[in-house]
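Pasting work34.txt here (compact mmCIF, C-alpha atoms):
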```txt
# COMPACT_ATOMS: atom_id res chain seq x y z
CA MET A 138 -47.42 -40.63 19.42
CA VAL A 139 -45.16 -41.41 16.46
CA ARG A 140 -42.53 -38.96 17.84
CA SER A 141 -42.60 -40.56 21.29
CA VAL A 142 -42.18 -44.05 19.78
CA ALA A 143 -39.21 -42.77 17.71
CA ARG A 144 -37.67 -41.13 20.82
CA PHE A 145 -38.15 -44.36 22.77
CA ALA A 146 -36.54 -46.39 19.94
CA SER A 147 -33.53 -44.09 19.66
CA ALA A 148 -33.02 -44.10 23.45
CA GLY A 149 -33.18 -47.92 23.37
CA ALA A 150 -30.63 -48.08 20.56
CA ALA A 151 -28.28 -45.77 22.47
CA ALA A 152 -28.60 -47.90 25.61
CA LEU A 153 -27.91 -51.04 23.55
CA LEU A 154 -24.84 -49.37 22.03
CA VAL A 155 -23.51 -48.47 25.50
CA LEU A 156 -24.05 -52.06 26.65
CA LEU A 157 -22.38 -53.60 23.61
CA LEU A 158 -19.47 -51.17 23.24
CA PRO A 159 -17.14 -52.72 25.88
CA SER A 160 -17.44 -56.18 24.33
CA CYS A 161 -16.63 -54.81 20.88
CA THR A 162 -13.39 -53.05 21.85
CA HIS A 163 -10.37 -55.26 21.22
CA ARG A 164 -8.69 -55.82 24.57
CA ARG A 165 -5.99 -58.46 24.95
CA PRO A 166 -6.40 -60.85 27.88
CA GLY A 167 -4.16 -60.22 30.89
CA PRO A 168 -1.66 -62.77 32.21
CA SER A 169 -3.12 -66.08 33.38
CA THR A 170 -2.86 -66.80 37.08
CA GLU A 171 -2.34 -70.55 36.71
CA VAL A 172 1.07 -70.26 35.02
CA SER A 173 4.29 -68.91 36.50
CA GLY A 174 4.52 -65.77 34.37
CA PHE A 175 8.09 -66.58 33.35
CA LEU A 176 7.04 -66.49 29.69
CA ASP A 177 5.37 -63.41 28.26
CA ASP A 178 2.46 -65.03 26.45
CA TYR A 179 1.05 -68.43 27.39
CA THR A 180 -1.93 -68.14 25.06
CA LEU A 181 0.30 -68.99 22.09
CA LEU A 182 1.30 -72.40 23.47
CA ARG A 183 -0.08 -75.61 21.96
CA GLU A 184 0.21 -79.23 23.09
CA GLY A 185 3.36 -80.86 21.76
CA GLY A 186 3.65 -84.23 20.04
CA PRO A 187 5.22 -87.40 21.50
CA ASP A 188 8.86 -86.30 21.05
CA GLU A 189 8.28 -82.58 21.51
CA LEU A 190 8.05 -80.18 24.41
CA TRP A 191 4.94 -80.58 26.54
CA ARG A 192 3.58 -77.23 25.25
CA SER A 193 5.25 -75.04 22.67
CA TYR A 194 4.91 -72.26 20.13
CA ARG A 195 6.96 -71.58 17.02
CA ASN A 196 6.63 -68.30 15.15
CA PRO A 197 5.59 -69.27 11.60
CA LYS A 198 7.17 -66.09 10.21
CA ALA A 199 10.61 -66.70 11.76
CA ASP A 200 13.46 -67.01 9.27
CA TRP A 201 15.37 -69.68 11.18
CA HIS A 202 18.12 -69.97 8.59
CA ALA A 203 19.21 -66.40 9.39
CA TYR A 204 20.51 -67.46 12.83
CA HIS A 205 23.96 -68.83 13.50
CA ALA A 206 24.79 -67.74 17.06
CA VAL A 207 23.17 -67.76 20.50
CA LEU A 208 23.27 -65.51 23.51
CA LEU A 209 22.39 -67.54 26.59
CA GLU A 210 20.86 -65.63 29.50
CA PRO A 211 21.74 -66.98 32.98
CA VAL A 212 19.32 -69.75 34.00
CA THR A 213 16.78 -68.65 36.61
CA LEU A 214 15.03 -70.57 39.39
CA TRP A 215 11.55 -69.39 40.34
CA ARG A 216 9.47 -70.76 43.20
CA SER A 217 6.24 -69.39 44.64
CA GLY A 218 6.43 -68.00 48.16
CA ARG A 219 8.72 -65.75 50.18
CA LYS A 220 11.96 -67.61 50.97
CA SER A 221 10.46 -70.75 49.40
CA LEU A 222 13.89 -71.77 48.04
CA ASP A 223 15.39 -71.62 51.55
CA PRO A 224 14.78 -75.32 52.34
CA VAL A 225 16.96 -76.27 49.33
CA PRO A 226 20.66 -76.00 50.23
CA GLN A 227 22.30 -72.96 48.62
CA GLU A 228 25.03 -75.08 46.97
CA ASP A 229 22.30 -77.27 45.41
CA LEU A 230 20.53 -74.22 43.96
CA LEU A 231 23.77 -73.01 42.41
CA ARG A 232 24.57 -76.48 41.11
CA LEU A 233 21.13 -76.87 39.50
CA VAL A 234 21.58 -73.60 37.66
CA THR A 235 25.16 -74.20 36.58
CA ASP A 236 24.74 -77.86 35.61
CA PHE A 237 21.73 -76.97 33.45
CA GLN A 238 23.63 -74.06 31.93
CA THR A 239 26.63 -76.29 31.21
CA ALA A 240 24.42 -78.92 29.54
CA ILE A 241 22.83 -76.28 27.30
CA ARG A 242 26.15 -74.62 26.44
CA THR A 243 27.69 -77.99 25.60
CA ALA A 244 24.80 -79.00 23.34
CA LEU A 245 24.61 -75.57 21.66
CA GLY A 246 28.37 -75.21 21.27
CA GLU A 247 28.51 -78.18 18.91
CA ASP A 248 26.66 -76.28 16.19
CA PHE A 249 26.28 -72.64 17.20
CA HIS A 250 28.61 -69.85 18.24
CA VAL A 251 27.81 -68.92 21.82
CA VAL A 252 28.25 -65.14 22.10
CA ASP A 253 28.00 -62.44 24.79
CA GLN A 254 26.61 -59.62 22.65
CA ALA A 255 23.42 -59.19 20.66
CA GLY A 256 23.89 -58.74 16.94
CA PRO A 257 22.57 -59.81 13.55
CA GLY A 258 21.89 -63.53 13.32
CA VAL A 259 21.95 -63.96 17.11
CA MET A 260 19.19 -65.72 19.07
CA ARG A 261 18.68 -64.85 22.73
CA ILE A 262 17.76 -67.91 24.80
CA ARG A 263 16.19 -67.51 28.23
CA LEU A 264 15.53 -70.56 30.40
CA GLY A 265 14.05 -71.08 33.83
CA ILE A 266 13.32 -73.93 36.19
CA THR A 267 10.05 -72.88 37.74
CA ASP A 268 7.63 -74.09 40.36
CA ALA A 269 5.32 -71.11 40.57
CA ARG A 270 1.86 -69.75 39.86
CA ALA A 271 1.29 -66.11 38.95
CA ALA A 272 -1.63 -66.10 41.42
CA ASP A 273 0.85 -66.46 44.31
CA PRO A 274 1.88 -62.98 45.39
CA VAL A 275 5.59 -63.52 46.03
CA LEU A 276 8.33 -65.36 44.17
CA ASP A 277 11.70 -66.53 45.44
CA VAL A 278 14.21 -66.04 42.63
CA LEU A 279 17.78 -67.16 42.06
CA THR A 280 19.91 -66.39 39.02
CA ALA A 281 23.58 -67.30 38.66
CA ARG A 282 26.18 -67.04 35.93
CA ARG A 283 28.50 -69.74 37.25
CA GLY A 284 29.00 -72.20 40.10
CA THR A 285 30.88 -71.78 43.34
CA GLY A 286 34.12 -73.06 41.78
CA ARG A 287 34.27 -75.74 44.47
CA PRO A 288 33.26 -79.37 43.92
CA HIS A 289 29.75 -80.08 45.18
CA PRO A 290 29.92 -82.17 48.37
CA ALA A 291 27.43 -84.76 47.07
CA GLY A 292 29.33 -85.47 43.83
CA ASP A 293 27.09 -87.75 41.76
CA GLY A 294 25.47 -89.04 44.94
CA PRO A 295 22.01 -88.73 46.46
CA LEU A 296 19.91 -85.59 46.22
CA HIS A 297 18.88 -83.65 49.31
CA ALA A 298 15.19 -84.38 50.00
CA GLU A 299 14.21 -80.71 49.47
CA THR A 300 16.13 -80.51 46.19
CA ARG A 301 14.29 -83.61 44.96
CA ARG A 302 10.95 -82.14 46.06
CA PHE A 303 11.64 -78.93 44.14
CA LEU A 304 12.68 -80.80 40.98
CA GLU A 305 9.68 -83.12 41.08
CA SER A 306 7.23 -80.26 40.96
CA ALA A 307 9.21 -77.95 38.69
CA VAL A 308 8.99 -77.44 34.93
CA ILE A 309 11.46 -76.02 32.44
CA GLU A 310 10.27 -72.88 30.67
CA GLY A 311 12.11 -71.09 27.93
CA GLU A 312 11.93 -68.77 24.99
CA ILE A 313 14.05 -67.88 21.98
CA ARG A 314 14.00 -64.33 20.66
CA ASP A 315 15.83 -62.40 17.98
CA ALA A 316 18.55 -60.76 20.07
CA GLN A 317 18.39 -57.55 18.02
CA THR A 318 14.70 -57.00 17.41
CA ASN A 319 13.38 -58.96 20.45
CA ALA A 320 10.87 -60.72 18.17
CA LEU A 321 9.61 -63.96 19.69
CA LEU A 322 10.81 -66.93 17.65
CA SER A 323 9.79 -69.81 19.87
CA GLU A 324 8.74 -70.60 23.42
CA GLY A 325 7.77 -73.64 25.41
CA ILE A 326 7.23 -75.46 28.67
CA ASP A 327 8.44 -78.95 29.40
CA ARG A 328 7.70 -81.15 32.38
CA ARG A 329 8.81 -84.57 33.49
CA ARG A 330 6.94 -87.28 31.63
CA PRO A 331 4.28 -88.98 33.75
CA GLY A 332 5.73 -92.27 34.96
CA ALA A 333 9.35 -91.18 34.45
CA PRO A 334 11.72 -92.76 36.99
CA ALA A 335 12.23 -90.70 40.15
CA LEU A 336 15.28 -88.47 40.40
CA GLU A 337 17.39 -89.93 43.20
CA THR A 338 20.94 -88.73 42.55
CA TRP A 339 22.88 -85.86 41.01
CA ALA A 340 23.92 -88.28 38.28
CA ASP A 341 20.20 -88.69 37.39
CA VAL A 342 19.75 -84.92 37.32
CA ASP A 343 22.81 -84.32 35.14
CA ARG A 344 21.77 -87.11 32.74
CA GLY A 345 18.30 -85.57 32.55
CA PHE A 346 19.69 -82.08 31.85
CA ALA A 347 22.05 -83.44 29.16
CA ARG A 348 19.27 -85.41 27.45
CA TRP A 349 16.90 -82.44 27.52
CA ALA A 350 19.58 -80.06 26.18
CA GLU A 351 20.58 -82.43 23.37
CA ARG A 352 16.97 -82.92 22.26
CA ALA A 353 16.17 -79.19 22.43
CA CYS A 354 19.33 -78.21 20.57
CA ALA A 355 18.82 -80.92 17.93
CA ARG A 356 15.38 -79.44 17.19
CA LEU A 357 16.94 -75.98 16.96
CA GLU A 358 19.66 -77.23 14.63
CA ALA A 359 17.07 -78.87 12.42
CA ARG A 360 15.18 -75.57 12.17
CA THR A 361 18.19 -73.33 11.51
CA GLY A 362 20.00 -75.81 9.33
CA ALA A 363 23.10 -75.52 11.54
CA GLN A 364 25.64 -78.27 10.96
CA MET B 35 45.07 -81.21 88.06
CA ARG B 36 41.69 -79.45 88.16
CA PRO B 37 41.56 -76.07 86.39
CA THR B 38 41.34 -73.09 88.70
CA LEU B 39 38.31 -70.79 88.74
CA SER B 40 40.21 -67.99 86.98
CA ARG B 41 41.35 -70.38 84.21
CA CYS B 42 37.74 -71.58 83.78
CA ALA B 43 36.56 -67.98 83.58
CA ALA B 44 39.26 -67.16 80.99
CA VAL B 45 38.30 -70.18 78.85
CA LEU B 46 34.62 -69.19 79.11
CA ALA B 47 35.44 -65.58 78.17
CA VAL B 48 37.44 -66.70 75.10
CA ALA B 49 34.63 -69.07 74.08
CA LEU B 50 32.05 -66.29 74.43
CA LEU B 51 34.27 -63.89 72.49
CA LEU B 52 34.72 -66.42 69.67
CA ALA B 53 31.01 -67.14 69.61
CA PHE B 54 30.23 -63.40 69.46
CA ALA B 55 32.87 -62.81 66.78
CA ALA B 56 31.47 -65.68 64.70
CA GLY B 57 27.99 -64.23 65.07
CA ALA B 58 29.10 -60.72 64.18
CA ARG B 59 31.39 -61.75 61.30
CA ALA B 60 28.60 -62.00 58.78
CA SER B 61 25.19 -60.40 58.95
CA GLU B 62 22.47 -59.42 56.55
CA TYR B 63 21.00 -56.02 55.82
CA PRO B 64 17.80 -56.38 53.82
CA GLY B 65 17.30 -54.00 50.93
CA TRP B 66 14.12 -53.23 49.03
CA GLY B 67 13.57 -52.12 45.44
CA ASP B 68 10.57 -50.90 43.45
CA THR B 69 10.61 -50.65 39.66
CA GLY B 70 7.52 -48.47 39.25
CA TRP B 71 5.24 -49.33 36.30
CA VAL B 72 7.31 -50.57 33.38
CA TYR B 73 6.60 -51.93 29.92
CA THR B 74 8.58 -55.11 30.26
CA SER B 75 8.23 -58.81 31.00
CA LYS B 76 7.60 -60.10 34.51
CA TRP B 77 11.00 -61.83 34.36
CA GLN B 78 12.83 -58.59 33.50
CA CYS B 79 10.77 -56.61 36.03
CA CYS B 80 11.61 -59.06 38.87
CA LYS B 81 15.26 -59.12 37.82
CA GLU B 82 15.42 -55.33 38.05
CA ALA B 83 13.57 -55.16 41.38
CA ILE B 84 15.91 -57.71 42.99
CA GLY B 85 18.91 -55.92 41.44
CA ILE B 86 17.83 -52.60 43.03
CA ALA B 87 17.16 -54.36 46.37
CA SER B 88 20.62 -55.98 46.28
CA GLN B 89 22.26 -52.59 45.69
CA TYR B 90 20.43 -51.09 48.70
CA SER B 91 21.41 -54.09 50.81
CA GLU B 92 25.08 -53.60 49.83
CA GLN B 93 24.85 -49.88 50.65
CA ALA B 94 23.34 -50.62 54.08
CA CYS B 95 26.19 -53.04 54.77
CA THR B 96 28.82 -50.47 53.74
CA THR B 97 27.12 -47.75 55.81
CA ALA B 98 27.29 -50.07 58.82
CA GLY B 99 31.04 -50.40 58.30
CA GLY B 100 30.95 -53.84 56.71
CA ARG B 101 32.06 -55.25 53.40
CA PRO B 102 29.36 -56.73 51.12
CA SER B 103 30.03 -60.32 50.20
CA PRO B 104 28.01 -61.14 47.08
CA PHE B 105 26.68 -64.66 46.52
CA ALA B 106 29.02 -67.17 44.93
CA GLY B 107 28.76 -67.60 41.18
CA GLU B 108 27.66 -63.98 40.61
CA ALA B 109 24.30 -65.21 41.86
CA GLN B 110 21.42 -62.89 42.52
CA ARG B 111 18.91 -64.07 45.09
CA GLY B 112 15.81 -62.38 46.40
CA SER B 113 12.05 -62.29 46.49
CA CYS B 114 9.83 -60.50 44.03
CA SER B 115 6.23 -59.43 44.18
CA ALA B 116 4.71 -58.32 40.88
CA GLN B 117 1.55 -56.38 40.09
CA TRP B 118 0.24 -55.92 36.58
CA THR B 119 -2.13 -53.67 34.73
CA GLN B 120 -3.00 -52.90 31.12
CA ASP B 121 -2.84 -49.64 29.21
CA ALA B 122 -5.56 -48.40 26.86
CA ASP B 123 -4.21 -50.65 24.07
CA GLY B 124 -4.27 -53.72 26.30
CA THR B 125 -0.49 -53.87 26.65
CA VAL B 126 0.55 -55.32 30.00
CA LEU B 127 2.67 -53.25 32.41
CA TYR B 128 4.33 -54.66 35.50
CA ARG B 129 5.39 -53.13 38.76
CA CYS B 130 7.76 -55.23 40.89
CA SER B 131 8.91 -54.95 44.47
CA GLY B 132 12.05 -56.86 45.33
CA GLU B 133 13.70 -57.79 48.59
CA ALA B 134 17.27 -59.03 48.88
CA SER B 135 19.90 -59.47 51.57
CA VAL B 136 23.54 -59.79 50.60
CA TRP B 137 25.98 -61.20 53.15
CA CYS B 138 27.92 -58.53 54.99
CA ASP B 139 31.36 -59.26 56.49
CA GLN B 140 32.08 -57.12 59.55
```
What do you get writing this file as structure tokens?
Amino acid sequence: MVRSVARFASAGAAALLVLLLPSCTHRRPGPSTEVSGFLDDYTLLREGGPDELWRSYRNPKADWHAYHAVLLEPVTLWRSGRKSLDPVPQEDLLRLVTDFQTAIRTALGEDFHVVDQAGPGVMRIRLGITDARAADPVLDVLTARRGTGRPHPAGDGPLHAETRRFLESAVIEGEIRDAQTNALLSEGIDRRRPGAPALETWADVDRGFARWAERACARLEARTGAQ
Amino acid sequence: MRPTLSRCAAVLAVALLLAFAAGARASEYPGWGDTGWVYTSKWQCCKEAIGIASQYSEQACTTAGGRPSPFAGEAQRGSCSAQWTQDADGTVLYRCSGEASVWCDQ
């Protein structure tokens, strides 16, 4: 009787162990489906303050003062859906990418060396304008290093309706890594403030890009101590 | 003076020829690329898949006797479909399929 109770107890313990084992193993969560997937890890992001990015992360162990130069990856556009960028005129897509890149380069160039090669003291900056969810199976992607070299037909004038639609639903995502070790230094997502005036013209877009780039680069300068 | 039938036919033939030439001048040959499972970010995985697809598209254009005409601004454009899984340690792997069509002058 005693032996059968002991056998029953040990079988029960084994069954309990089998049931509990999967929950005890340390398994990192997979990518969330509600975000675009442009950044590697969205679980690190925290809500930003009034004059900060909407959501951001800063590596507490980063030695910001060690960085003096930046390597800027070409800006990327991501939108959910096969050929989903097709409604936006091709010259507008290229202009969005190049105007944003120019605004960032201008703001960074005031205090950092902008370089083409990874090396010691170099930060790699990767930025995207995204309107996507990882749950959607296909992405339409555009990356460009420079513009067409021709003036854009609209000048500072009105935006194409589809370009405006894309911008209204898009967010800016970006990350900063050590260009040599690939260690994540900082990452964030920013969106248009609720109640912000509508983007009507290319002049509005370029002003918005310049303001965003100046604010982001000022925060970076404050961290690195760049003058 | 009203144009003669043969002149009308000649004008029509030239117009058709121009229309055909304009249609045949540039075409697209879609290319596809698959990265296989890779330990990298989704961004890098998609970039590679579209890069492979663009190369195949350029090759198809050349094989057809055309000359690939890349996008202005060294742009890379295409679609990407990404799958992910995790290894035993929980590290995420991606596999991306890309599709791209570069313009082909013929």
**Prompt:** Counting all atoms listed in the file, what is within 10 Å of range 295-312 of chain A, bar same-chain residues fewer than 5 positions away, as an MDAnalysis selection string?
**Reply:** chainID A and resid 173:177 190:195 212:216 221:226 229:230 233 260:269 321:329 335:342 349
Once you have the residues from the selection above, write them out as a PDB file, in the frame of the given file, restricted to C-alpha atoms.
```pdb
ATOM      1  CA  SER A 173       4.290 -68.910  36.500  1.00  0.00           C
ATOM      2  CA  GLY A 174       4.520 -65.770  34.370  1.00  0.00           C
ATOM      3  CA  PHE A 175       8.090 -66.580  33.350  1.00  0.00           C
ATOM      4  CA  LEU A 176       7.040 -66.490  29.690  1.00  0.00           C
ATOM      5  CA  ASP A 177       5.370 -63.410  28.260  1.00  0.00           C
ATOM      6  CA  LEU A 190       8.050 -80.180  24.410  1.00  0.00           C
ATOM      7  CA  TRP A 191       4.940 -80.580  26.540  1.00  0.00           C
ATOM      8  CA  ARG A 192       3.580 -77.230  25.250  1.00  0.00           C
ATOM      9  CA  SER A 193       5.250 -75.040  22.670  1.00  0.00           C
ATOM     10  CA  TYR A 194       4.910 -72.260  20.130  1.00  0.00           C
ATOM     11  CA  ARG A 195       6.960 -71.580  17.020  1.00  0.00           C
ATOM     12  CA  VAL A 212      19.320 -69.750  34.000  1.00  0.00           C
ATOM     13  CA  THR A 213      16.780 -68.650  36.610  1.00  0.00           C
ATOM     14  CA  LEU A 214      15.030 -70.570  39.390  1.00  0.00           C
ATOM     15  CA  TRP A 215      11.550 -69.390  40.340  1.00  0.00           C
ATOM     16  CA  ARG A 216       9.470 -70.760  43.200  1.00  0.00           C
ATOM     17  CA  SER A 221      10.460 -70.750  49.400  1.00  0.00           C
ATOM     18  CA  LEU A 222      13.890 -71.770  48.040  1.00  0.00           C
ATOM     19  CA  ASP A 223      15.390 -71.620  51.550  1.00  0.00           C
ATOM     20  CA  PRO A 224      14.780 -75.320  52.340  1.00  0.00           C
ATOM     21  CA  VAL A 225      16.960 -76.270  49.330  1.00  0.00           C
ATOM     22  CA  PRO A 226      20.660 -76.000  50.230  1.00  0.00           C
ATOM     23  CA  ASP A 229      22.300 -77.270  45.410  1.00  0.00           C
ATOM     24  CA  LEU A 230      20.530 -74.220  43.960  1.00  0.00           C
ATOM     25  CA  LEU A 233      21.130 -76.870  39.500  1.00  0.00           C
ATOM     26  CA  MET A 260      19.190 -65.720  19.070  1.00  0.00           C
ATOM     27  CA  ARG A 261      18.680 -64.850  22.730  1.00  0.00           C
ATOM     28  CA  ILE A 262      17.760 -67.910  24.800  1.00  0.00           C
ATOM     29  CA  ARG A 263      16.190 -67.510  28.230  1.00  0.00           C
ATOM     30  CA  LEU A 264      15.530 -70.560  30.400  1.00  0.00           C
ATOM     31  CA  GLY A 265      14.050 -71.080  33.830  1.00  0.00           C
ATOM     32  CA  ILE A 266      13.320 -73.930  36.190  1.00  0.00           C
ATOM     33  CA  THR A 267      10.050 -72.880  37.740  1.00  0.00           C
ATOM     34  CA  ASP A 268       7.630 -74.090  40.360  1.00  0.00           C
ATOM     35  CA  ALA A 269       5.320 -71.110  40.570  1.00  0.00           C
ATOM     36  CA  LEU A 321       9.610 -63.960  19.690  1.00  0.00           C
ATOM     37  CA  LEU A 322      10.810 -66.930  17.650  1.00  0.00           C
ATOM     38  CA  SER A 323       9.790 -69.810  19.870  1.00  0.00           C
ATOM     39  CA  GLU A 324       8.740 -70.600  23.420  1.00  0.00           C
ATOM     40  CA  GLY A 325       7.770 -73.640  25.410  1.00  0.00           C
ATOM     41  CA  ILE A 326       7.230 -75.460  28.670  1.00  0.00           C
ATOM     42  CA  ASP A 327       8.440 -78.950  29.400  1.00  0.00           C
ATOM     43  CA  ARG A 328       7.700 -81.150  32.380  1.00  0.00           C
ATOM     44  CA  ARG A 329       8.810 -84.570  33.490  1.00  0.00           C
ATOM     45  CA  ALA A 335      12.230 -90.700  40.150  1.00  0.00           C
ATOM     46  CA  LEU A 336      15.280 -88.470  40.400  1.00  0.00           C
ATOM     47  CA  GLU A 337      17.390 -89.930  43.200  1.00  0.00           C
ATOM     48  CA  THR A 338      20.940 -88.730  42.550  1.00  0.00           C
ATOM     49  CA  TRP A 339      22.880 -85.860  41.010  1.00  0.00           C
ATOM     50  CA  ALA A 340      23.920 -88.280  38.280  1.00  0.00           C
ATOM     51  CA  ASP A 341      20.200 -88.690  37.390  1.00  0.00           C
ATOM     52  CA  VAL A 342      19.750 -84.920  37.320  1.00  0.00           C
ATOM     53  CA  TRP A 349      16.900 -82.440  27.520  1.00  0.00           C
TER      54      TRP A 349
END
```
**Message:** Distance cut-off 7 Å, counting only C-alpha atoms - which residues of chain A neighbour chain B? Return them as a ChimeraX atom specification.
**Reply:** /A:164-165,167,174-175,177,219-220,274-285
Write the residues of the preceding selection, restricted to C-alpha atoms, as a CSV table (one decimal), keeping the file's coordinate frame.
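Wrote it out as result21.csv, contents follow:
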```csv
chain,number,residue,atom,x,y,z
A,164,ARG,CA,-8.7,-55.8,24.6
A,165,ARG,CA,-6.0,-58.5,25.0
A,167,GLY,CA,-4.2,-60.2,30.9
A,174,GLY,CA,4.5,-65.8,34.4
A,175,PHE,CA,8.1,-66.6,33.4
A,177,ASP,CA,5.4,-63.4,28.3
A,219,ARG,CA,8.7,-65.8,50.2
A,220,LYS,CA,12.0,-67.6,51.0
A,274,PRO,CA,1.9,-63.0,45.4
A,275,VAL,CA,5.6,-63.5,46.0
A,276,LEU,CA,8.3,-65.4,44.2
A,277,ASP,CA,11.7,-66.5,45.4
A,278,VAL,CA,14.2,-66.0,42.6
A,279,LEU,CA,17.8,-67.2,42.1
A,280,THR,CA,19.9,-66.4,39.0
A,281,ALA,CA,23.6,-67.3,38.7
A,282,ARG,CA,26.2,-67.0,35.9
A,283,ARG,CA,28.5,-69.7,37.2
A,284,GLY,CA,29.0,-72.2,40.1
A,285,THR,CA,30.9,-71.8,43.3
```
**Message:** When you look at range 61-70 of chain B with a cut-off of 8 Å (counting all atoms listed in the file), what residues show up, excluding the ones that are within fewer than 5 positions of it in the same chain? I need them as an NGL selection string.
**Reply:** :B and (79 or 82-92 or 94-95 or 128-140)
**Item:** Atomic distance CA of Leu182 in chain A - CA of Gln238 in chain A, expressed in Å with one decimal
**Value:**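 These two atoms are separated by 23.9 Å.
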**Asked** In Å to one decimal, how far is CA of Ala353 in chain A from CA of Trp201 in chain A?
**Response** 14.8 Å
**Computed interatomic separation between CA of Glu228 in chain A and CA of Pro288 in chain A (Å)** = 9.8 Å
